[in-house]
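Undergrad: I am attaching a structure below and will ask some questions about it afterwards.
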There are 2 protein chains.
Amino acid sequence: MTGRYQSPALDAVEIRDSFWVPRLKTNDLVSLDHQYDHLQANGSLDNFRRVVGEAGGEFEGPPFIDANVYKWVEAASYALATDEMPTLREKVNTVCSLIEQAQADDGYLFTYFMLGDNAGRWSNFTMMHELYCAGHLIEAAVAHSRALDDDRLLRVARDLADHIDERFGPDTQEKIPGHEEIELALVRLYRVTDEERYLDLAGYFIDRRGRDPSPLAAELPELERMIERDSLSTEQKESGWSVVGYQDTLRDESGAYDGLWAQDHKPVREQRRVEGHAVRAGNLYAAVAAYLQEVDDEELFTAIKRLWQNMVTRRMYVTGGIGSSPDAEMFTEDYDLPNDDAFAETCASASAIFWSQHMFELTGAAEYVDVLERILYNALLSGVSLDGRRYCYSNPLETDEDYHRNEWYYVACCPSNLSRVLASLGKYIYARSENELLVNLYVGSTVETTVSGTGVTVEQTTDYPWDGDVTVALSPDEPTEFALGLRIPGWAERWEVTVDGEPVAVEPTDGYATLEREWHDGDRVEISLAMEPNAVVAHPEVESDRSLAALCRGPLVYCLEGVDNAQPVQHLILSDPDSISARDTDSILDGMTVLEGAATVQDLQEWQGTLYRSLGSITESATEFTAIPYFARNNRGPTSMVVWMRLA
Amino acid sequence: MTGRYQSPALDAVEIRDSFWVPRLKTNDLVSLDHQYDHLQANGSLDNFRRVVGEAGGEFEGPPFIDANVYKWVEAASYALATDEMPTLREKVNTVCSLIEQAQADDGYLFTYFMLGDNAGRWSNFTMMHELYCAGHLIEAAVAHSRALDDDRLLRVARDLADHIDERFGPDTQEKIPGHEEIELALVRLYRVTDEERYLDLAGYFIDRRGRDPSPLAAELPELERMIERDSLSTEQKESGWSVVGYQDTLRDESGAYDGLWAQDHKPVREQRRVEGHAVRAGNLYAAVAAYLQEVDDEELFTAIKRLWQNMVTRRMYVTGGIGSSPDAEMFTEDYDLPNDDAFAETCASASAIFWSQHMFELTGAAEYVDVLERILYNALLSGVSLDGRRYCYSNPLETDEDYHRNEWYYVACCPSNLSRVLASLGKYIYARSENELLVNLYVGSTVETTVSGTGVTVEQTTDYPWDGDVTVALSPDEPTEFALGLRIPGWAERWEVTVDGEPVAVEPTDGYATLEREWHDGDRVEISLAMEPNAVVAHPEVESDRSLAALCRGPLVYCLEGVDNAQPVQHLILSDPDSISARDTDSILDGMTVLEGAATVQDLQEWQGTLYRSLGSITESATEFTAIPYFARNNRGPTSMVVWMRLA
């Protein structure tokens, strides 16, 4: 069952897409620059300078702030893989030098303890996120090494990984990370180094989790003394992060250690539901899927498919967001998906994208890419403003006029996480196996790859997601037989495929229209996906969405914003689902396709001075609504917003 | 504007009603007995015995537990006003003797401090509820004196009132109660004693509230030290009450004293919204209305009408429940009326009934009785099980299968509060002024009263609330001219009146069909209120009720319980509001009129393995629903319940 599909190298894919290129440019040129300024200003880089001796003062930020630097390096490395950006490159070099110099001789690297209580090293896996930061360093190093053909950060990562591998494991100290992340990083490190120790350590961290006695449980008494001493600074508490905030997640109602929050309640292979902190869960399960691409383990494979099914059939917003609890950034219960309180953290979306991709690579099934696409175009993309300068940590499906995006956060995990997904978009468009080439995402682009031993250039042209017509032009170096698989998105109710203008009848397999033949230079495959507006309803057990519909078109989920609608968006009733039509605009949000349709609304004047009235006495007047893509929400000043529209 | 209407004395009204008599018997014979047993068992009576020296041990219960004893005496006194119940009478005598003996020589009475820290007396108005308990003693004494023609408890009450009056007021110590209650009690005490000091003290407590500096604000530092010392026993904390629970209500976000919770944020005459703890608010505003029956104050009258309008048009459940916040038993924001989280405390319903009644007595407008009736038949009556032995402290509008009634509570304010409303039902049926007799509630009963100087007996016969036909037979001692007003309930869309069989055309005034003529012995007035099932919707700003309808008939709000319906009640869609019909049953809940109708429901099998589907692909199958009166909810074992039914 080991992994069947690989992505082409990032520099083999050139994105030429009217939807994505402006967004990726904004990401590379605006967001990464803006994030760097914040890393400078908030002390993230100064923490490294302090370790090196280039800056004075005390550690700044939450203990795990190093991770934001690493994620920024990872994102910038992806961006530099395909674009020469000398200024960005110089900043990356500066940061890499700092990281390199800051590393201790024994490989250790975590500025919080290096600048403070050295004795605290490796004593608090639950909260201190040392392994989480190490994971992000490793991921950054793998990206940096692949993109820039420069191994210096990879050497730092290997030294840190070796430091960890020497200390923790079945034969040394039994430990697991409090916040998963290093597992996936170690699999990725194994892939570039071929060093099996890293894969084994990933497997150990995955499989040790949830077993009695939990290494994290042993930390509880000390952790609670720490909370009691209130040992973190006032600044941290005021800024929204302190260990005190985690107190309620440590023990269950009986007072026993509660592993649920950190997926440490039972072994992964016995878990039946995605539970706990959603980013941790997403990271862990992405790692499990990646690990299974390398190691046969039928039991773990069964478990990960079961967990996936639980997430996508009971615990995922229509936008693809996960983790509905606003209090603890966590999963709650099946079908509990409140809209205004939705947490749906941007980082959780990123982790679910990684999980989706590895599930796809493992199985070759398009259903995983369907979910990846849902998250990418909706929950994730909603996390950054159109100008690339403002973020949403959480991505609710209903907001009032007081809601706004933020320029930065004290716990600023999301901005660079989102940027690393966008900057690596090229990884998700195509996939190949020995004799197959799959088109997973419809993004205007070219790819140079090898299938059936022959070099093939593919050029994809499309106006997706605004339009469902896609042309795939093939240029094999020589006539070659291979299977070209075109993903039929789960949302597509009708579709047609032509080859060189001739309609082709093809039944989808695993979600792909697969064309197996000898391909010649100049062959053109066209797929046309019917992109009708669609009103979508949720399972009746989802209380928050009862009697409501979400408007969708293609991969996009739409929302109603007050600024486009004369009546309060929470009051608009979708009176005729067949009336919904798509309209390309120039004026709205720099030219997006909006959805419009017939609505009714109750006369608020009639309600004056009353709270309850007979249904029979209500008069509704006809009006119209305009819906914009959800990802573009909250880009035009304060306004109310709903994804789910009333059906009555 | 002083009070226009009075209730006949309780013993002048005899209730002979197929709906109410069994409930009142249960209240008198089962609930009051059962409550007495709990007062015995939980130490409430022993606290008095301890003060007297008849029992040992320490004070038991929350500090304000005396109030439950007083409310029980009040309820039992009402019951004894119309029925000889020697066993109950003996218990009342026993309790009255205990109260009498426990009172200190200086009039003070509050067992918590008498058994503990005597120095604590009158030091903590915010939390200790001394004035609240005093208020309940006074109300009990007024009821006891009127019902049983025995002034011994009234003497205790006067001594306590004098003790308070000597100490607190504009010329002595500036104080106000933390939990309002004594204001209404003092107005009532004034009415039986004609002692103006009591009315003045009520006026002082009403008007001092919300003015700077608040006497309660001065207590904050000591209160917070108390919280820090955690000075109440572990038992109290474990049992659900401690001062610690109130900590978050003491200061606003800026750290300043926050009077909102106790209606101490601004003077009543400046208040525009009902705010804070709902029972306190209801008690305060009931007292204001009662006070205005005695004292002209146009500004206060304007304020109380404004507060009433805010409550009934923005902050009241369709059941009449108030106070939607589950955390702090308080009002939240306009139109914030969550159903499953609804608090809608039974005590708040009682206080809103008192407020309604005094607003009616003050104005003579039937709109206030409409609200009283809504609360009485729904939110209040829902607070006790049909067998009279189990209670609901809160009265949510949606519950799952885990929800259940409770036999008793550590803070057991609701049971005796509910009982005192039921036992005094006779006060609310009729009202009279000099030349008018009003029928406010349709309850089978007789009343002997005096109108236009002549003795009149009225006999009302009806099957209300199951049926809208009511006969009112008049027997004046001699032919007499007076106005007979029959309330036309706000819910009645059609109605007819006949006098001696002849239809009478009459336009309602202030909500009454008023017949002014010379009445003779044997005159019969009949009113027929069309009692059609009705689907009611809420103001579009009430997010929790959007796309939903509540089924009503007459004064009753209905609900759907799982036990009566084959499909999950949260999934049932009211497909044809015209299909709703009423059916008298023998089998359901010992013979109630249920509502039935056509519903649709989605096929859960079709949803298997999916979370979101196209609206167009959904198939709904036809089914039926059965709804029972809301007050009868949760009487047949664990079952889910909803008041609001889906419209789509």
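Simple scheme: letters A, B, ... for chains in structure tokens order, numbers from 1 for residues in each chain, numbers from 1 for ligands in the order shown.
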Select residues of chain B: the criterion is any atom within 8 Å of an atom of chain A, counting only C-alpha atoms; output as a PyMOL selection string.
TA: chain B and resi 309+312-314+318+534-541+546-549+571+602+604+607+609-616+646-648
Undergrad: Let me see the file: selected residues, N, CA and C atoms, as a JSON list (two decimals), in the first residue's frame.
TA:
[["chain", "number", "residue", "atom", "x", "y", "z"],
["B", 309, "GLN", "N", -41.73, 47.08, 27.74],
["B", 309, "GLN", "CA", -41.71, 46.94, 26.29],
["B", 309, "GLN", "C", -40.43, 46.27, 25.83],
["B", 312, "VAL", "N", -40.81, 42.44, 26.65],
["B", 312, "VAL", "CA", -41.77, 41.62, 25.88],
["B", 312, "VAL", "C", -41.54, 41.69, 24.38],
["B", 313, "THR", "N", -40.82, 42.70, 23.90],
["B", 313, "THR", "CA", -40.61, 42.75, 22.46],
["B", 313, "THR", "C", -39.21, 42.31, 22.04],
["B", 314, "ARG", "N", -38.33, 42.06, 23.00],
["B", 314, "ARG", "CA", -36.96, 41.68, 22.61],
["B", 314, "ARG", "C", -36.29, 40.64, 23.48],
["B", 318, "VAL", "N", -40.93, 32.62, 23.69],
["B", 318, "VAL", "CA", -42.33, 32.42, 23.30],
["B", 318, "VAL", "C", -43.11, 31.75, 24.43],
["B", 534, "ASN", "N", -52.02, 27.30, 15.77],
["B", 534, "ASN", "CA", -51.38, 28.45, 15.16],
["B", 534, "ASN", "C", -49.86, 28.22, 15.12],
["B", 535, "ALA", "N", -49.29, 28.41, 13.95],
["B", 535, "ALA", "CA", -47.81, 28.38, 13.87],
["B", 535, "ALA", "C", -47.32, 29.81, 14.02],
["B", 536, "VAL", "N", -46.43, 29.99, 14.97],
["B", 536, "VAL", "CA", -45.95, 31.32, 15.32],
["B", 536, "VAL", "C", -44.48, 31.43, 14.94],
["B", 537, "VAL", "N", -44.08, 32.57, 14.41],
["B", 537, "VAL", "CA", -42.66, 32.77, 14.10],
["B", 537, "VAL", "C", -42.14, 33.95, 14.91],
["B", 538, "ALA", "N", -40.84, 33.98, 15.04],
["B", 538, "ALA", "CA", -40.20, 35.03, 15.85],
["B", 538, "ALA", "C", -39.62, 36.12, 14.95],
["B", 539, "HIS", "N", -39.42, 37.27, 15.54],
["B", 539, "HIS", "CA", -38.79, 38.41, 14.85],
["B", 539, "HIS", "C", -37.52, 37.94, 14.13],
["B", 540, "PRO", "N", -37.31, 38.40, 12.90],
["B", 540, "PRO", "CA", -36.15, 37.92, 12.13],
["B", 540, "PRO", "C", -34.80, 38.14, 12.82],
["B", 541, "GLU", "N", -34.75, 39.05, 13.77],
["B", 541, "GLU", "CA", -33.48, 39.25, 14.48],
["B", 541, "GLU", "C", -33.19, 38.15, 15.51],
["B", 546, "ARG", "N", -34.78, 31.46, 13.60],
["B", 546, "ARG", "CA", -34.95, 31.69, 12.16],
["B", 546, "ARG", "C", -35.34, 30.40, 11.45],
["B", 547, "SER", "N", -36.26, 30.52, 10.51],
["B", 547, "SER", "CA", -36.72, 29.39, 9.70],
["B", 547, "SER", "C", -37.44, 28.34, 10.54],
["B", 548, "LEU", "N", -37.95, 28.77, 11.69],
["B", 548, "LEU", "CA", -38.61, 27.85, 12.61],
["B", 548, "LEU", "C", -39.96, 28.42, 13.02],
["B", 549, "ALA", "N", -40.85, 27.53, 13.41],
["B", 549, "ALA", "CA", -42.17, 27.96, 13.91],
["B", 549, "ALA", "C", -42.47, 27.25, 15.22],
["B", 571, "HIS", "N", -35.52, 16.99, 13.31],
["B", 571, "HIS", "CA", -35.47, 16.86, 11.85],
["B", 571, "HIS", "C", -36.81, 17.14, 11.21],
["B", 602, "GLN", "N", -36.15, 14.22, 5.99],
["B", 602, "GLN", "CA", -35.17, 13.72, 5.03],
["B", 602, "GLN", "C", -34.79, 12.29, 5.37],
["B", 604, "LEU", "N", -32.45, 9.67, 6.24],
["B", 604, "LEU", "CA", -31.10, 9.63, 6.80],
["B", 604, "LEU", "C", -30.21, 8.60, 6.09],
["B", 607, "TRP", "N", -28.26, 10.02, 3.45],
["B", 607, "TRP", "CA", -27.18, 10.88, 3.94],
["B", 607, "TRP", "C", -25.94, 10.08, 4.36],
["B", 609, "GLY", "N", -22.70, 8.57, 5.05],
["B", 609, "GLY", "CA", -21.37, 8.82, 4.49],
["B", 609, "GLY", "C", -21.22, 10.16, 3.80],
["B", 610, "THR", "N", -22.21, 11.05, 3.92],
["B", 610, "THR", "CA", -22.06, 12.38, 3.33],
["B", 610, "THR", "C", -22.39, 13.42, 4.38],
["B", 611, "LEU", "N", -21.83, 14.59, 4.19],
["B", 611, "LEU", "CA", -22.08, 15.69, 5.11],
["B", 611, "LEU", "C", -22.78, 16.85, 4.41],
["B", 612, "TYR", "N", -22.50, 17.03, 3.12],
["B", 612, "TYR", "CA", -23.12, 18.11, 2.34],
["B", 612, "TYR", "C", -23.63, 17.54, 1.03],
["B", 613, "ARG", "N", -24.83, 17.93, 0.66],
["B", 613, "ARG", "CA", -25.41, 17.46, -0.60],
["B", 613, "ARG", "C", -26.17, 18.59, -1.27],
["B", 614, "SER", "N", -26.36, 18.44, -2.57],
["B", 614, "SER", "CA", -27.15, 19.43, -3.32],
["B", 614, "SER", "C", -28.58, 19.42, -2.82],
["B", 615, "LEU", "N", -29.09, 20.61, -2.64],
["B", 615, "LEU", "CA", -30.50, 20.74, -2.26],
["B", 615, "LEU", "C", -31.40, 19.97, -3.22],
["B", 616, "GLY", "N", -31.07, 20.05, -4.50],
["B", 616, "GLY", "CA", -31.89, 19.39, -5.52],
["B", 616, "GLY", "C", -31.89, 17.88, -5.40],
["B", 646, "ARG", "N", -38.88, 23.03, 12.43],
["B", 646, "ARG", "CA", -38.32, 23.52, 11.15],
["B", 646, "ARG", "C", -39.41, 23.85, 10.15],
["B", 647, "LEU", "N", -39.18, 24.91, 9.40],
["B", 647, "LEU", "CA", -40.08, 25.29, 8.31],
["B", 647, "LEU", "C", -39.51, 24.88, 6.95],
["B", 648, "ALA", "N", -38.26, 24.44, 6.92],
["B", 648, "ALA", "CA", -37.64, 24.01, 5.65],
["B", 648, "ALA", "C", -36.50, 23.06, 5.99]]
Undergrad: Would you list the contacts of Gln6 (chain A) as number ranges by chain, taking every protein, DNA or RNA residue within 7 Å and counting only C-alpha atoms, but skipping same-chain residues closer than 4 positions in sequence?
TA: A: 361, 431-433
Undergrad: Please produce a file of those selected residues containing C-alpha atoms, as a CSV table (one decimal), in the first residue's frame.
TA:
chain,number,residue,atom,x,y,z
A,361,GLU,CA,-0.5,10.1,-2.8
A,431,ALA,CA,0.9,13.9,-9.8
A,432,ARG,CA,2.6,11.0,-11.5
A,433,SER,CA,3.4,7.4,-11.1
Undergrad: For His179 (chain B), which residue among B:Arg146, B:Ala157, B:Tyr112, B:Arg280 is the nearest when counting only C-alpha atoms?
TA: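 Using only C-alpha atoms, His179 (chain B) sits closest to B:Arg280.
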Undergrad: Please compute the CA of Asp264 (chain A)-CA of Leu284 (chain A) distance, one decimal, in Å.
TA: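 According to the coordinates, CA of Asp264 (chain A) and CA of Leu284 (chain A) are separated by 10.8 Å.
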Undergrad: Between B:Ser145, B:Thr514, B:Ser351, B:Thr332, which is the closest to Leu184 (chain B) once you count only C-alpha atoms?
TA: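 Looking only at the distances to Leu184 (chain B), the closest residue turns out to be B:Ser351.
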Undergrad: Any chance you could list, as JSON, numbers by chain, the residues in region 276-469 of chain B that come up helix (DSSP H, G or I) when DSSP is run on the backbone?
TA: {"B": [278, 279, 280, 281, 282, 283, 284, 285, 286, 287, 288, 289, 290, 291, 292, 298, 299, 300, 301, 302, 303, 304, 305, 306, 307, 308, 309, 310, 311, 312, 313, 314, 346, 347, 348, 349, 350, 351, 352, 353, 354, 355, 356, 357, 358, 359, 360, 361, 362, 363, 366, 367, 368, 369, 370, 371, 372, 373, 374, 375, 376, 377, 378, 379, 380, 381, 382, 383, 413, 414, 415, 416, 417, 418, 419, 420, 421, 422, 423, 426, 427, 428, 429]}
Undergrad: Contacts of Pro326 (chain B) at 7 Å or less, counting only C-alpha atoms, minus same-chain residues fewer than 4 places along, as JSON, numbers by chain?
TA: {"B": [341, 342, 343]}
Undergrad: Write out as an mmCIF file with N, CA, C and O atoms, in the first residue's frame which residues come within 9 Å of Leu380 (chain A) when counting only C-alpha atoms, dropping same-chain ones fewer than 4 positions away.
TA:
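Result saved to result_32.cif:
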data_model
loop_
_atom_site.group_PDB
_atom_site.id
_atom_site.type_symbol
_atom_site.label_atom_id
_atom_site.label_comp_id
_atom_site.auth_asym_id
_atom_site.auth_seq_id
_atom_site.Cartn_x
_atom_site.Cartn_y
_atom_site.Cartn_z
ATOM 1 N N THR A 319 -16.801 24.875 4.055
ATOM 2 C CA THR A 319 -15.632 25.585 3.526
ATOM 3 C C THR A 319 -14.365 24.742 3.595
ATOM 4 O O THR A 319 -13.322 25.169 3.111
ATOM 5 N N GLY A 320 -14.455 23.586 4.241
ATOM 6 C CA GLY A 320 -13.260 22.764 4.458
ATOM 7 C C GLY A 320 -12.562 23.036 5.778
ATOM 8 O O GLY A 320 -11.594 22.375 6.116
ATOM 9 N N GLY A 321 -13.047 24.017 6.519
ATOM 10 C CA GLY A 321 -12.446 24.330 7.818
ATOM 11 C C GLY A 321 -12.678 23.200 8.810
ATOM 12 O O GLY A 321 -13.674 22.490 8.734
ATOM 13 N N GLU A 345 -9.429 27.142 12.243
ATOM 14 C CA GLU A 345 -8.157 27.875 12.199
ATOM 15 C C GLU A 345 -7.458 27.697 10.850
ATOM 16 O O GLU A 345 -7.454 26.609 10.276
ATOM 17 N N THR A 346 -6.843 28.762 10.386
ATOM 18 C CA THR A 346 -6.112 28.717 9.122
ATOM 19 C C THR A 346 -5.026 27.641 9.167
ATOM 20 O O THR A 346 -4.838 26.899 8.199
ATOM 21 N N CYS A 347 -4.329 27.521 10.287
ATOM 22 C CA CYS A 347 -3.306 26.473 10.415
ATOM 23 C C CYS A 347 -3.913 25.074 10.316
ATOM 24 O O CYS A 347 -3.283 24.155 9.790
ATOM 25 N N ALA A 348 -5.117 24.913 10.822
ATOM 26 C CA ALA A 348 -5.771 23.607 10.739
ATOM 27 C C ALA A 348 -6.098 23.290 9.285
ATOM 28 O O ALA A 348 -5.994 22.134 8.843
ATOM 29 N N SER A 349 -6.468 24.306 8.530
ATOM 30 C CA SER A 349 -6.710 24.095 7.096
ATOM 31 C C SER A 349 -5.434 23.655 6.397
ATOM 32 O O SER A 349 -5.453 22.757 5.553
ATOM 33 N N ALA A 350 -4.327 24.296 6.757
ATOM 34 C CA ALA A 350 -3.052 23.898 6.148
ATOM 35 C C ALA A 350 -2.746 22.439 6.468
ATOM 36 O O ALA A 350 -2.403 21.653 5.577
ATOM 37 N N ILE A 353 -4.839 20.148 4.472
ATOM 38 C CA ILE A 353 -4.361 20.068 3.082
ATOM 39 C C ILE A 353 -3.215 19.059 2.989
ATOM 40 O O ILE A 353 -3.180 18.215 2.090
ATOM 41 N N ARG A 374 -11.427 21.831 -1.759
ATOM 42 C CA ARG A 374 -12.429 22.540 -0.951
ATOM 43 C C ARG A 374 -11.747 23.435 0.099
ATOM 44 O O ARG A 374 -12.111 24.588 0.285
ATOM 45 N N ILE A 375 -10.741 22.864 0.752
ATOM 46 C CA ILE A 375 -10.042 23.644 1.780
ATOM 47 C C ILE A 375 -9.265 24.795 1.146
ATOM 48 O O ILE A 375 -9.329 25.941 1.593
ATOM 49 N N LEU A 376 -8.530 24.463 0.086
ATOM 50 C CA LEU A 376 -7.638 25.436 -0.545
ATOM 51 C C LEU A 376 -8.388 26.682 -1.018
ATOM 52 O O LEU A 376 -7.990 27.817 -0.716
ATOM 53 N N VAL A 384 -6.289 35.013 4.355
ATOM 54 C CA VAL A 384 -5.469 36.202 4.045
ATOM 55 C C VAL A 384 -6.302 37.160 3.192
ATOM 56 O O VAL A 384 -7.123 36.728 2.381
ATOM 57 N N ASN A 395 -11.683 31.217 10.914
ATOM 58 C CA ASN A 395 -12.436 31.487 9.698
ATOM 59 C C ASN A 395 -13.901 31.113 9.876
ATOM 60 O O ASN A 395 -14.370 30.098 9.370
ATOM 61 N N LEU A 418 0.001 29.696 6.035
ATOM 62 C CA LEU A 418 -0.781 29.919 4.827
ATOM 63 C C LEU A 418 0.153 30.213 3.647
ATOM 64 O O LEU A 418 -0.016 29.666 2.549
ATOM 65 N N VAL A 421 1.730 27.138 2.111
ATOM 66 C CA VAL A 421 0.840 26.376 1.230
ATOM 67 C C VAL A 421 0.734 27.068 -0.133
ATOM 68 O O VAL A 421 0.894 26.435 -1.184
ATOM 69 N N PHE A 631 -13.805 33.084 0.068
ATOM 70 C CA PHE A 631 -12.403 33.429 0.342
ATOM 71 C C PHE A 631 -12.179 34.937 0.294
ATOM 72 O O PHE A 631 -11.226 35.444 0.863
#
Undergrad: Show me, as number ranges by chain, the residues that have an atom within 12 Å of His38 (chain B) when counting only C-alpha atoms, minus same-chain residues fewer than 3 positions from it.
TA: B: 31-35, 41-46, 61, 65, 68-69, 72, 389, 407-412, 415-416
